[in-house]
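query.cif (mmCIF, C-alpha atoms) appears below.
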```
data_target
#
loop_
_atom_site.group_PDB
_atom_site.id
_atom_site.type_symbol
_atom_site.label_atom_id
_atom_site.label_comp_id
_atom_site.auth_asym_id
_atom_site.auth_seq_id
_atom_site.Cartn_x
_atom_site.Cartn_y
_atom_site.Cartn_z
ATOM 1 C CA MET A 1 76.227 56.400 86.503
ATOM 2 C CA THR A 2 79.209 58.088 84.873
ATOM 3 C CA ASN A 3 81.211 57.565 81.723
ATOM 4 C CA ASN A 4 83.740 60.200 82.684
ATOM 5 C CA PRO A 5 87.298 58.797 82.639
ATOM 6 C CA CYS A 6 88.233 60.901 85.679
ATOM 7 C CA GLN A 7 88.597 58.870 88.862
ATOM 8 C CA ILE A 8 86.825 60.373 91.863
ATOM 9 C CA LEU A 9 88.571 60.180 95.236
ATOM 10 C CA LEU A 10 86.900 60.922 98.552
ATOM 11 C CA GLY A 11 89.486 62.140 101.010
ATOM 12 C CA SER A 12 87.666 61.246 104.204
ATOM 13 C CA ALA A 13 87.768 58.604 106.917
ATOM 14 C CA SER A 14 84.172 59.411 107.864
ATOM 15 C CA PRO A 15 81.872 56.423 107.307
ATOM 16 C CA ARG A 16 78.961 58.845 107.020
ATOM 17 C CA ARG A 17 80.510 60.772 104.136
ATOM 18 C CA ARG A 18 81.456 57.548 102.395
ATOM 19 C CA GLU A 19 77.905 56.243 102.769
ATOM 20 C CA LEU A 20 76.345 59.476 101.493
ATOM 21 C CA LEU A 21 78.596 59.727 98.428
ATOM 22 C CA ALA A 22 77.912 56.057 97.669
ATOM 23 C CA GLY A 23 74.215 56.929 97.750
ATOM 24 C CA LEU A 24 74.681 59.013 94.595
ATOM 25 C CA ASP A 25 75.602 55.811 92.693
ATOM 26 C CA ILE A 26 78.834 57.435 91.530
ATOM 27 C CA PRO A 27 81.958 55.239 91.598
ATOM 28 C CA PHE A 28 84.673 56.545 93.907
ATOM 29 C CA THR A 29 87.674 55.447 95.914
ATOM 30 C CA ALA A 30 88.085 56.479 99.556
ATOM 31 C CA VAL A 31 91.521 57.667 100.648
ATOM 32 C CA SER A 32 92.882 58.837 103.989
ATOM 33 C CA ILE A 33 94.463 62.266 104.381
ATOM 34 C CA ASP A 34 96.624 63.458 107.255
ATOM 35 C CA ALA A 35 96.263 67.236 107.314
ATOM 36 C CA ASP A 36 96.759 70.091 109.750
ATOM 37 C CA GLU A 37 93.220 71.156 110.705
ATOM 38 C CA SER A 38 94.192 74.333 112.537
ATOM 39 C CA TYR A 39 92.907 77.609 111.124
ATOM 40 C CA PRO A 40 93.428 81.366 111.549
ATOM 41 C CA ALA A 41 91.728 82.780 114.622
ATOM 42 C CA ASP A 42 89.980 85.533 112.657
ATOM 43 C CA LEU A 43 87.872 83.101 110.605
ATOM 44 C CA HIS A 44 84.179 82.755 111.378
ATOM 45 C CA ALA A 45 81.277 80.444 110.581
ATOM 46 C CA GLY A 46 81.477 78.885 107.095
ATOM 47 C CA ASP A 47 84.958 80.279 106.435
ATOM 48 C CA ILE A 48 86.375 77.788 108.959
ATOM 49 C CA PRO A 49 85.365 74.497 107.251
ATOM 50 C CA CYS A 50 86.160 76.109 103.897
ATOM 51 C CA TYR A 51 89.745 76.741 105.042
ATOM 52 C CA ILE A 52 90.128 73.258 106.526
ATOM 53 C CA SER A 53 88.645 71.369 103.570
ATOM 54 C CA ARG A 54 91.055 73.189 101.261
ATOM 55 C CA ALA A 55 93.963 72.391 103.595
ATOM 56 C CA LYS A 56 93.009 68.709 103.390
ATOM 57 C CA ALA A 57 93.086 68.869 99.599
ATOM 58 C CA ARG A 58 96.492 70.553 99.549
ATOM 59 C CA ALA A 59 97.867 67.885 101.898
ATOM 60 C CA TYR A 60 97.133 65.237 99.248
ATOM 61 C CA ILE A 61 98.575 67.062 96.236
ATOM 62 C CA ARG A 62 101.669 64.855 95.867
ATOM 63 C CA GLN A 63 99.564 61.706 95.566
ATOM 64 C CA LEU A 64 96.969 63.167 93.190
ATOM 65 C CA ASP A 65 97.191 62.035 89.562
ATOM 66 C CA ASP A 66 96.212 64.106 86.544
ATOM 67 C CA ASN A 67 93.105 61.997 85.877
ATOM 68 C CA GLN A 68 91.757 62.167 89.437
ATOM 69 C CA LEU A 69 89.280 64.495 91.148
ATOM 70 C CA LEU A 70 89.711 64.709 94.915
ATOM 71 C CA ILE A 71 86.778 65.589 97.185
ATOM 72 C CA THR A 72 87.479 66.745 100.745
ATOM 73 C CA ALA A 73 85.076 68.093 103.353
ATOM 74 C CA ASP A 74 84.867 69.585 106.806
ATOM 75 C CA THR A 75 81.913 70.270 109.108
ATOM 76 C CA ILE A 76 81.501 72.560 112.099
ATOM 77 C CA VAL A 77 78.697 73.484 114.454
ATOM 78 C CA TRP A 78 78.290 77.220 115.001
ATOM 79 C CA LEU A 79 76.479 78.434 118.121
ATOM 80 C CA ASP A 80 76.083 82.047 119.234
ATOM 81 C CA GLY A 81 79.195 83.197 117.389
ATOM 82 C CA HIS A 82 81.418 80.324 118.492
ATOM 83 C CA MET A 83 82.560 77.124 116.823
ATOM 84 C CA LEU A 84 81.930 73.722 118.344
ATOM 85 C CA GLY A 85 84.326 71.167 116.918
ATOM 86 C CA LYS A 86 84.821 67.561 117.945
ATOM 87 C CA PRO A 87 84.799 66.995 121.722
ATOM 88 C CA HIS A 88 88.039 65.868 123.335
ATOM 89 C CA ASN A 89 86.348 63.786 126.024
ATOM 90 C CA ALA A 90 83.020 63.098 127.763
ATOM 91 C CA GLU A 91 83.086 66.299 129.801
ATOM 92 C CA ASP A 92 83.726 68.336 126.669
ATOM 93 C CA ALA A 93 80.827 66.576 124.931
ATOM 94 C CA LYS A 94 78.518 67.261 127.876
ATOM 95 C CA ALA A 95 79.383 70.965 127.815
ATOM 96 C CA MET A 96 78.640 71.161 124.092
ATOM 97 C CA LEU A 97 75.282 69.413 124.357
ATOM 98 C CA ARG A 98 74.257 71.558 127.329
ATOM 99 C CA ALA A 99 75.076 74.627 125.242
ATOM 100 C CA LEU A 100 73.006 73.323 122.296
ATOM 101 C CA SER A 101 70.004 72.478 124.499
ATOM 102 C CA ALA A 102 66.861 74.534 123.738
ATOM 103 C CA LYS A 103 68.651 76.625 121.111
ATOM 104 C CA THR A 104 69.043 76.943 117.349
ATOM 105 C CA HIS A 105 72.511 76.481 115.915
ATOM 106 C CA GLN A 106 74.032 76.327 112.458
ATOM 107 C CA VAL A 107 75.846 73.438 110.835
ATOM 108 C CA TYR A 108 78.311 74.451 108.137
ATOM 109 C CA THR A 109 79.884 71.933 105.787
ATOM 110 C CA ALA A 110 82.436 72.890 103.165
ATOM 111 C CA VAL A 111 83.260 70.554 100.293
ATOM 112 C CA THR A 112 86.365 71.139 98.174
ATOM 113 C CA PHE A 113 86.944 69.646 94.733
ATOM 114 C CA ALA A 114 90.603 69.479 93.742
ATOM 115 C CA LYS A 115 92.259 68.665 90.443
ATOM 116 C CA LYS A 116 95.789 68.957 89.145
ATOM 117 C CA SER A 117 96.291 71.978 86.918
ATOM 118 C CA GLN A 118 97.659 71.419 83.443
ATOM 119 C CA GLN A 119 99.339 74.834 83.628
ATOM 120 C CA PRO A 120 101.108 75.382 86.970
ATOM 121 C CA THR A 121 101.393 79.025 87.954
ATOM 122 C CA ALA A 122 104.535 80.987 88.747
ATOM 123 C CA ASN A 123 104.173 80.314 92.477
ATOM 124 C CA ASN A 124 103.971 76.562 91.772
ATOM 125 C CA GLN A 125 100.255 76.355 92.572
ATOM 126 C CA SER A 126 99.475 73.233 90.585
ATOM 127 C CA LEU A 127 96.152 72.455 92.259
ATOM 128 C CA VAL A 128 92.824 73.878 91.094
ATOM 129 C CA LEU A 129 90.380 74.159 93.995
ATOM 130 C CA SER A 130 86.631 74.762 93.952
ATOM 131 C CA THR A 131 84.762 74.946 97.254
ATOM 132 C CA ILE A 132 81.082 75.002 98.135
ATOM 133 C CA VAL A 133 79.675 75.768 101.592
ATOM 134 C CA ASP A 134 76.245 74.712 102.817
ATOM 135 C CA CYS A 135 74.483 75.863 105.985
ATOM 136 C CA THR A 136 71.594 74.285 107.896
ATOM 137 C CA ASP A 137 69.758 75.676 110.923
ATOM 138 C CA VAL A 138 69.044 73.052 113.584
ATOM 139 C CA THR A 139 66.830 73.570 116.620
ATOM 140 C CA PHE A 140 67.120 71.380 119.707
ATOM 141 C CA ALA A 141 64.567 70.807 122.435
ATOM 142 C CA GLU A 142 65.689 71.189 126.019
ATOM 143 C CA LEU A 143 67.885 68.278 127.065
ATOM 144 C CA THR A 144 68.141 66.952 130.600
ATOM 145 C CA ASP A 145 71.461 65.952 132.108
ATOM 146 C CA ALA A 146 70.242 62.343 132.181
ATOM 147 C CA GLU A 147 69.507 62.438 128.436
ATOM 148 C CA ILE A 148 72.896 63.967 127.691
ATOM 149 C CA ASP A 149 74.690 61.394 129.847
ATOM 150 C CA TYR A 150 72.768 58.542 128.219
ATOM 151 C CA TYR A 151 73.573 59.686 124.697
ATOM 152 C CA ILE A 152 77.269 60.148 125.383
ATOM 153 C CA SER A 153 77.649 56.807 127.167
ATOM 154 C CA GLN A 154 75.760 54.859 124.512
ATOM 155 C CA TYR A 155 76.895 56.597 121.322
ATOM 156 C CA ARG A 156 80.282 58.138 122.229
ATOM 157 C CA PRO A 157 80.040 61.038 119.751
ATOM 158 C CA PHE A 158 83.682 62.060 120.020
ATOM 159 C CA ASP A 159 84.255 62.032 116.258
ATOM 160 C CA LYS A 160 81.365 64.401 115.537
ATOM 161 C CA ALA A 161 81.301 68.196 115.407
ATOM 162 C CA GLY A 162 79.158 69.568 118.197
ATOM 163 C CA ALA A 163 79.222 66.182 119.945
ATOM 164 C CA TYR A 164 76.181 64.786 118.172
ATOM 165 C CA GLY A 165 75.011 62.873 115.134
ATOM 166 C CA VAL A 166 71.581 63.940 113.927
ATOM 167 C CA GLN A 167 70.970 60.434 112.578
ATOM 168 C CA GLU A 168 71.397 58.945 116.059
ATOM 169 C CA TRP A 169 69.213 58.765 119.177
ATOM 170 C CA ILE A 170 69.728 62.393 120.090
ATOM 171 C CA GLY A 171 68.435 63.510 116.720
ATOM 172 C CA TYR A 172 65.316 61.415 117.240
ATOM 173 C CA VAL A 173 64.474 62.891 120.634
ATOM 174 C CA ALA A 174 65.890 66.420 120.540
ATOM 175 C CA CYS A 175 65.861 67.770 116.990
ATOM 176 C CA THR A 176 62.626 69.741 116.681
ATOM 177 C CA GLU A 177 63.325 71.652 113.451
ATOM 178 C CA ILE A 178 65.747 71.609 110.535
ATOM 179 C CA ARG A 179 65.916 74.410 107.977
ATOM 180 C CA GLY A 180 68.119 73.301 105.117
ATOM 181 C CA SER A 181 69.715 69.994 104.161
ATOM 182 C CA TYR A 182 69.481 67.119 106.636
ATOM 183 C CA PHE A 183 72.453 65.444 104.942
ATOM 184 C CA ASN A 184 74.498 68.594 105.444
ATOM 185 C CA VAL A 185 73.971 68.134 109.189
ATOM 186 C CA MET A 186 75.353 64.611 108.771
ATOM 187 C CA GLY A 187 78.454 66.186 107.249
ATOM 188 C CA PHE A 188 78.009 65.999 103.479
ATOM 189 C CA PRO A 189 75.533 68.100 101.425
ATOM 190 C CA VAL A 190 75.063 65.491 98.712
ATOM 191 C CA HIS A 191 72.639 67.613 96.680
ATOM 192 C CA ARG A 192 75.324 70.291 96.256
ATOM 193 C CA VAL A 193 78.011 67.681 95.555
ATOM 194 C CA TYR A 194 75.884 66.061 92.858
ATOM 195 C CA ARG A 195 75.107 69.411 91.256
ATOM 196 C CA PHE A 196 78.798 70.340 91.095
ATOM 197 C CA LEU A 197 79.763 67.000 89.577
ATOM 198 C CA LYS A 198 76.942 67.215 87.037
ATOM 199 C CA ASP A 199 77.608 70.840 86.074
ATOM 200 C CA ASN A 200 81.294 70.077 85.517
ATOM 201 C CA GLY A 201 80.802 66.927 83.458
ATOM 202 C CA TYR A 202 81.810 64.318 86.020
ATOM 203 C CA VAL A 203 78.411 62.562 85.901
#
```
Please lay out the structure from this file as structure tokens.
Amino acid sequence: MTNNPCQILLGSASPRRRELLAGLDIPFTAVSIDADESYPADLHAGDIPCYISRAKARAYIRQLDDNQLLITADTIVWLDGHMLGKPHNAEDAKAMLRALSAKTHQVYTAVTFAKKSQQPTANNQSLVLSTIVDCTDVTFAELTDAEIDYYISQYRPFDKAGAYGVQEWIGYVACTEIRGSYFNVMGFPVHRVYRFLKDNGYV
């Protein structure tokens, strides 16, 4: 769908993000990035994935060529003023899902677009970063302990923020309302990604 000579790289190991970007019919190459995903304690809500997605981009700077555009992303679940990241184990996942039960939470995804600068600055910042943040409100029905245990044992959501995937069984039975992008809840707001690429001449 693009005649742009710039090669698009998706810096993500997430099969969901790879599938969603592929759905735009835009050629890209997936690459893995090993980045420090810690963040300052004073950050809140959408500022957290924004910081982490930019850190992922900076971690890849040495491998990025001049004719490449790197896309990185990070997703968090935000509930009652606290972040829910990826659960460490089954007990952690159970605690998260119990907290989400019968409540509305926010899913924030930040997507960073990174390109090498043709004019490095005095502080050697040779990477140009643009970041978008999308937010979706998600409401869950009340979940029983048996439902939570079943979902965790069958789907093992340990690689997902908030310990759930909206596209899985738990989304079918518990998600009563979504205000905003469904794909953002999956971890990649493809409508915003497409708009950025189009507005900047990449498609």
Among listed residues A:Thr112, A:Thr136, A:Asn67, A:Ser117, nearest A:Phe196 (using only C-alpha atoms):
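Nearest candidate to A:Phe196 out of A:Thr112, A:Thr136, A:Asn67, A:Ser117: A:Thr112.
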Run the PyMOL selection byres ((chain A and resi 27) around 10) mentally over the shown coordinates, then write out the matched residues as a short mmCIF file (atom, residue, chain, number, x, y, z; two decimals) with C-alpha atoms, keeping the file's coordinate frame, using the chain letters and numbers from the document.
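Contents of selection.cif, freshly written:
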```cif
data_model
loop_
_atom_site.label_atom_id
_atom_site.label_comp_id
_atom_site.auth_asym_id
_atom_site.auth_seq_id
_atom_site.Cartn_x
_atom_site.Cartn_y
_atom_site.Cartn_z
CA MET A 1 76.23 56.40 86.50
CA THR A 2 79.21 58.09 84.87
CA GLN A 7 88.60 58.87 88.86
CA ILE A 8 86.82 60.37 91.86
CA LEU A 9 88.57 60.18 95.24
CA LEU A 21 78.60 59.73 98.43
CA ALA A 22 77.91 56.06 97.67
CA LEU A 24 74.68 59.01 94.60
CA ASP A 25 75.60 55.81 92.69
CA ILE A 26 78.83 57.44 91.53
CA PHE A 28 84.67 56.54 93.91
CA THR A 29 87.67 55.45 95.91
CA VAL A 203 78.41 62.56 85.90
#
```
Cut-off 8 Å: closest stretch 18-86 of chain A/stretch 105-109 of chain A atom pairs per residue, using only C-alpha atoms, as a tab-separated table:
```
residue	atom	partner	partner_atom	distance
A:Ala45	CA	A:Tyr108	CA	7.1
A:Gly46	CA	A:Tyr108	CA	5.5
A:Pro49	CA	A:Thr109	CA	6.2
A:Cys50	CA	A:Thr109	CA	7.8
A:Ala73	CA	A:Thr109	CA	6.9
A:Asp74	CA	A:Thr109	CA	5.6
A:Thr75	CA	A:Thr109	CA	4.2
A:Ile76	CA	A:Tyr108	CA	5.4
A:Val77	CA	A:Val107	CA	4.6
A:Trp78	CA	A:Gln106	CA	5.0
A:Leu79	CA	A:His105	CA	4.9
A:Asp80	CA	A:His105	CA	7.4
```
Name the closest residue to A:Tyr194 among the candidates A:Tyr51, A:Phe113, A:Tyr60, A:Tyr39; distances are taken between atoms, counting only C-alpha atoms.
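Of A:Tyr51, A:Phe113, A:Tyr60, A:Tyr39, the one nearest A:Tyr194 is A:Phe113, counting only C-alpha atoms.
For the choices A:Ala163, A:Ile52, A:Asp145, A:Ile71, the atom-to-atom distance to A:Ala30 is smallest for A:Ile71 when using only C-alpha atoms.
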Distance criterion (all atoms listed in the file): nearest to A:Arg16 out of A:Ser32, A:Thr139, A:Gln167, A:Asn200
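Going through A:Ser32, A:Thr139, A:Gln167, A:Asn200 one by one, the smallest distance to A:Arg16 is for A:Gln167.
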If we count only C-alpha atoms, what is near A:Tyr150 at a cut-off of 12 Å, once residues fewer than 4 positions away on the same chain are taken out, given as number ranges by chain?
A: 90, 93-94, 97, 143-146, 154-157, 169-170
